[in-house]
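Novice: Sharing a structure with you now.
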Amino acid sequence: MSVTKEHLDFYEEEGYVIIEGGLTDSDLEPIIQGHNLIVDQIAHDLYKQGKIKDLYPNEPFDQRLACLANECPEVEGCPDIGETRQPNTFEFIRNENLVNLIEAFVGPEITCNAVSHIRPKMPSTDVIFHQDAVFTTQEAKDILQVTVWIPLVEATEENGCLQVLPRIHQQRVLYWSYDKDLPQVEPVTLPMKKGDVLFMHKLTPHGSGPNNTNAVRWSLDLRYQKTNDPSPRPEWPSLIARSHQDPTSETTYENWRDQWATALKKIPTKIRYERPSKPLPFTGQMYLTD
Ligand SMILES: O=C(O)CCC(=O)C(=O)O
Ligand SMILES: [Fe+2]
């Protein structure tokens, strides 16, 4: 599956587009298996500390972490991409099929910045509406950036799939104070199958309703930008996923892993950058064609 002119026209009009079947099971399987191992490790750690009585070894990927959380409420998720820095995660971020899609949105020099997460959305939790453009230093606020949202299990209305406020990006306004000032329009609910890939404009407000199941709605949300633009989270490493100009500049696994280790030693938790207190016009790059 590739990105067509119709997809791009829809994205510019609505502020989001789903590429159905953009990824295959073999693209997704390694990162799922990698996170199965991470959950297994969490289970063994809790077991050793006497915090759980069962390892739930036969529970499927979408259930096991929820079972652990049920027995031990301190389990609220899993460590993020940079903390675990698995080879499978690295390979996924620069997966050829994925990066082929991304090229249509940011061009041929492609970097994944550190505002990128693995998200095990636990039962009962939700995410309030916001624009991703607010997660930035002031230096990087104008960059062209696209959010790529990828379910690792089927995302349904019941388990809290993504919802977007369509066409709001066209106002070219940055609502710095989260959902407080956002326009009140009817959200579009976006159920997605494994393999579908959602692209969202950074000015598109989005969130997700409560996960009303007893399973975990696993997803990845990654942010891609042009390589030489400033990073919105510069204290943590970016990953050059593709360079046509100079393929030797693409980040190697060892480099990425070591940069994360060093950066997290220095700054172990997310910095919340100063934000303007009111909505302001967005004057940066909206689309690759600008
Ligand atoms: O996964 C969610 O529910 C919300 C994710 C999100 O805010 C994002 O992908 O930017
Ligand atoms: Fe977001």
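Residue names in the structure tokens use chain letters A, B, ... in the order shown, residue numbers from 1 in each chain, and ligand numbers from 1 in the order shown.
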Which residues come within 9 Å of Asn228 of chain A, counting only C-alpha atoms, excluding same-chain residues fewer than 3 positions away, as a PDB file with C-alpha atoms, in the first residue's frame?

Specialist:
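Output file result-v5.pdb follows:
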ATOM      1  CA  GLU A 109      15.345  13.236   4.637  1.00  0.00           C
ATOM      2  CA  THR A 111      14.044  11.815  11.223  1.00  0.00           C
ATOM      3  CA  GLN A 225      10.199  15.511  10.778  1.00  0.00           C
ATOM      4  CA  SER A 231      13.968  18.632  17.462  1.00  0.00           C
TER       5      SER A 231
END

Novice: Please identify the helix (DSSP H, G or I) residues within segment 64-259 of chain A (assignment by DSSP from backbone atoms) and present them as a PyMOL selection string.

Specialist: chain A and resi 64-71+81-84+87-93+96-106+132-134+168-171+247-249+253-259

Novice: Next, write the just-selected residues to a file, as a compact mmCIF listing (two decimals), in the first residue's frame, keeping C-alpha atoms as the atom set.

Specialist:
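This went into out24.txt:
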# COMPACT_ATOMS: atom_id res chain seq x y z
CA ARG A 64 -1.09 -10.00 30.07
CA LEU A 65 -0.16 -6.49 31.22
CA ALA A 66 -3.79 -5.88 32.23
CA CYS A 67 -3.72 -9.08 34.32
CA LEU A 68 -0.56 -7.86 36.06
CA ALA A 69 -2.14 -4.45 36.71
CA ASN A 70 -5.24 -6.11 38.11
CA GLU A 71 -3.20 -7.89 40.71
CA ILE A 81 10.98 3.38 23.72
CA GLY A 82 14.17 5.06 24.93
CA GLU A 83 14.23 3.23 28.24
CA THR A 84 14.03 -0.22 26.69
CA PRO A 87 16.71 -3.49 18.47
CA ASN A 88 13.19 -4.45 17.35
CA THR A 89 11.88 -0.99 18.19
CA PHE A 90 14.78 0.65 16.34
CA GLU A 91 14.14 -1.52 13.27
CA PHE A 92 10.44 -0.73 13.39
CA ILE A 93 10.97 3.05 13.50
CA GLU A 96 11.08 0.36 4.96
CA ASN A 97 7.32 0.06 4.38
CA LEU A 98 6.66 2.57 7.13
CA VAL A 99 9.29 5.07 6.02
CA ASN A 100 8.03 4.81 2.41
CA LEU A 101 4.67 6.09 3.65
CA ILE A 102 6.25 8.82 5.78
CA GLU A 103 8.27 10.17 2.87
CA ALA A 104 5.03 11.47 1.32
CA PHE A 105 4.48 13.71 4.37
CA VAL A 106 7.96 14.98 5.28
CA ASP A 132 0.73 17.38 19.32
CA ALA A 133 2.23 20.72 18.28
CA VAL A 134 2.26 21.77 21.97
CA ILE A 168 -9.39 22.38 12.86
CA HIS A 169 -5.78 22.44 11.61
CA GLN A 170 -6.96 24.72 8.81
CA GLN A 171 -7.44 27.53 11.35
CA PRO A 247 22.69 7.07 3.46
CA THR A 248 25.79 6.77 5.66
CA SER A 249 24.28 9.44 7.95
CA TYR A 253 21.36 0.82 16.24
CA GLU A 254 24.42 1.04 18.49
CA ASN A 255 24.49 4.79 18.15
CA TRP A 256 20.81 5.18 18.97
CA ARG A 257 21.02 2.83 21.96
CA ASP A 258 24.09 4.56 23.39
CA GLN A 259 22.69 8.06 22.85

Novice: Taking only C-alpha atoms and all ligand atoms into account, produce a table as a Markdown table in which each residue of chain A with an atom at most 9 Å from an atom of ligand 2 appears once, together with its shortest atom pair and the distance in Å to one decimal, ordered by chain and rising number.

Specialist:
| residue | atom | partner | partner_atom_place_in_ligand_line | distance |
| --- | --- | --- | --- | --- |
| A:Val127 | CA | ligand 2 | 1 (Fe) | 8.3 |
| A:Ile128 | CA | ligand 2 | 1 (Fe) | 8.9 |
| A:Phe129 | CA | ligand 2 | 1 (Fe) | 7.8 |
| A:His130 | CA | ligand 2 | 1 (Fe) | 6.2 |
| A:Gln131 | CA | ligand 2 | 1 (Fe) | 6.1 |
| A:Asp132 | CA | ligand 2 | 1 (Fe) | 4.7 |
| A:Ala133 | CA | ligand 2 | 1 (Fe) | 8.6 |
| A:Phe135 | CA | ligand 2 | 1 (Fe) | 8.7 |
| A:Thr147 | CA | ligand 2 | 1 (Fe) | 7.8 |
| A:Lys202 | CA | ligand 2 | 1 (Fe) | 8.4 |
| A:Thr204 | CA | ligand 2 | 1 (Fe) | 9.0 |
| A:Pro205 | CA | ligand 2 | 1 (Fe) | 7.8 |
| A:His206 | CA | ligand 2 | 1 (Fe) | 6.3 |
| A:Gly207 | CA | ligand 2 | 1 (Fe) | 6.7 |
| A:Asp221 | CA | ligand 2 | 1 (Fe) | 7.7 |

Novice: Got a sec: who's within 10 Å of Leu23 of chain A, counting only C-alpha atoms, leaving out chain neighbours fewer than 2 positions off, as an mmCIF file with C-alpha atoms, in the first residue's frame?

Specialist:
data_model
loop_
_atom_site.group_PDB
_atom_site.id
_atom_site.type_symbol
_atom_site.label_atom_id
_atom_site.label_comp_id
_atom_site.auth_asym_id
_atom_site.auth_seq_id
_atom_site.Cartn_x
_atom_site.Cartn_y
_atom_site.Cartn_z
ATOM 1 C CA MET A 1 0.000 0.000 0.000
ATOM 2 C CA SER A 2 1.331 3.458 -0.769
ATOM 3 C CA ILE A 19 -3.563 4.315 5.160
ATOM 4 C CA GLU A 20 -5.414 1.014 5.389
ATOM 5 C CA GLY A 21 -3.147 -2.006 5.283
ATOM 6 C CA ASP A 25 1.923 -8.611 9.942
ATOM 7 C CA SER A 26 5.612 -9.226 9.386
ATOM 8 C CA ASP A 27 6.307 -5.507 9.803
ATOM 9 C CA LEU A 28 4.473 -5.509 13.160
ATOM 10 C CA ASN A 95 11.011 -0.057 8.730
ATOM 11 C CA GLU A 96 11.078 0.362 4.963
ATOM 12 C CA ASN A 97 7.320 0.058 4.375
ATOM 13 C CA LEU A 98 6.661 2.573 7.130
ATOM 14 C CA LEU A 101 4.671 6.093 3.647
ATOM 15 C CA ILE A 150 -0.011 2.665 14.705
ATOM 16 C CA LYS A 194 -3.707 -4.019 12.781
ATOM 17 C CA GLY A 195 -1.729 -2.908 9.728
ATOM 18 C CA ASP A 196 -3.566 0.413 9.328
ATOM 19 C CA VAL A 197 -1.481 3.552 9.812
#

Novice: Quick one: of A:Gln145, A:Asn58, A:Gln245, A:Ser208, who's nearest to ligand 1, counting only C-alpha atoms and all ligand atoms?

Specialist: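 Selected residue with least distance to ligand 1: A:Ser208.
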
Novice: My list of candidates is A:Pro108, A:Pro123, A:Gly209, A:Pro187. Which is closest to Arg242 of chain A when distances are computed with only C-alpha atoms?

Specialist: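 Using only C-alpha atoms, the shortest distance to Arg242 of chain A belongs to A:Pro108.
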